[in-house]
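Colleague: Questions regarding the structure given below will be posed in turn.
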Amino acid sequence: MKTSTLDTLIWVLIYGGLLGVGLGLSVQRSADGLGTTVIVIGGAIAALGFALIYVRSRMKDTPQPSDKTTP
């Protein structure tokens, strides 16, 4: 997996998970069980994003061959 793809996935998971936690907190006021479920799922998704930060820090950056040719 390319590092740029992983970077994008990390941010999508973190922001999506935190958005889910916020949504769960607002839903919890009217439906306690549903809100708690959404909070737990959103927290797990955000935690996965944070765990991928560690994975990304352990990856080696390999230079990609460029399409340009030098004369």
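Every chain in the structure tokens has a letter given in the order shown (A, B, ...), and although residue numbers restart at 1 in each chain, ligands are simply numbered from 1 in the order shown.
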Sorted by chain and rising residue number, list the residues of range 3-29 of chain A at most 6 Å from range 38-43 of chain A (counting only C-alpha atoms), each with its closest atom pair and distance in Å to one decimal, as a tab-separated table.
Modeller:
residue	atom	partner	partner_atom	distance
A:Gly17	CA	A:Gly42	CA	4.1
A:Gly20	CA	A:Gly42	CA	4.5
A:Val21	CA	A:Ile39	CA	4.4
A:Gly24	CA	A:Ile39	CA	4.7
Colleague: Those residues with all heavy atoms, as a compact mmCIF listing (two decimals), in the first residue's frame please?
Modeller:
# COMPACT_ATOMS: atom_id res chain seq x y z
N GLY A 17 -14.58 8.73 12.59
CA GLY A 17 -14.85 8.18 13.92
C GLY A 17 -15.24 9.26 14.91
O GLY A 17 -16.17 9.09 15.71
N GLY A 20 -18.66 10.34 14.25
CA GLY A 20 -19.58 9.35 14.79
C GLY A 20 -19.76 9.49 16.29
O GLY A 20 -20.88 9.33 16.80
N VAL A 21 -18.69 9.78 17.00
CA VAL A 21 -18.80 9.99 18.45
C VAL A 21 -19.68 11.21 18.74
O VAL A 21 -20.55 11.17 19.62
CB VAL A 21 -17.40 10.15 19.09
CG1 VAL A 21 -17.49 10.63 20.53
CG2 VAL A 21 -16.64 8.84 19.03
N GLY A 24 -23.22 10.30 18.04
CA GLY A 24 -23.71 9.42 19.10
C GLY A 24 -24.05 10.18 20.37
O GLY A 24 -25.03 9.88 21.05
Colleague: Report as a list in words all protein, DNA and RNA residues lying within 7 Å of Leu13 in chain A, evaluated on only C-alpha atoms, omitting residues in the same chain fewer than 6 positions from it.
Modeller: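 The residues satisfying every condition are Ile45, Ala46 and Gly49 of chain A.
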Colleague: Generate the output file for the selected residues, N, CA and C atoms, as a compact mmCIF listing (two decimals), in the first residue's frame.
Modeller:
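And here's selection21.txt as it stands now:
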# COMPACT_ATOMS: atom_id res chain seq x y z
N ILE A 45 -13.62 3.17 15.38
CA ILE A 45 -13.11 3.60 14.07
C ILE A 45 -11.99 4.64 14.25
N ALA A 46 -12.19 5.59 15.16
CA ALA A 46 -11.14 6.58 15.42
C ALA A 46 -9.89 5.91 16.00
N GLY A 49 -7.90 4.43 13.29
CA GLY A 49 -7.13 5.47 12.60
C GLY A 49 -5.87 5.84 13.36
Colleague: Which one is closest to Val12 in chain A: A:Leu25, A:Leu48, A:Val55, A:Ala31? Count only C-alpha atoms.
Modeller: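 The shortest atom-to-atom distance to Val12 in chain A comes from A:Leu48.
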Colleague: Fewer than 6 positions away in the same chain doesn't count, so skip those; otherwise give me all residues within 8 Å of range 56-61 of chain A, counting only C-alpha atoms, as JSON, numbers by chain.
Modeller: {"A": [3, 6, 7]}
Colleague: Neighbours of Phe50 in chain A within 8 Å (only C-alpha atoms; same-chain residues fewer than 3 positions away dropped), as a PyMOL selection string?
Modeller: chain A and resi 10+14+46-47+53-54
Colleague: With only C-alpha atoms as the atoms that count, which of A:Ala51, A:Leu23, A:Met1, A:Leu9 lies nearest to Gly35 in chain A?
Modeller: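 That would be A:Leu23, the residue with the smallest distance to Gly35 in chain A.
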Colleague: Kindly give the distance, in Å, that separates CA of Leu52 in chain A and CA of Gly16 in chain A, rounded to a single decimal.
Modeller: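 About the pair CA of Leu52 in chain A and CA of Gly16 in chain A: they are 14.2 Å apart.
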Colleague: Quick one: DSSP helix (DSSP H, G or I) residues in chain A, as a PyMOL selection string?
Modeller: chain A and resi 3-27+32-58
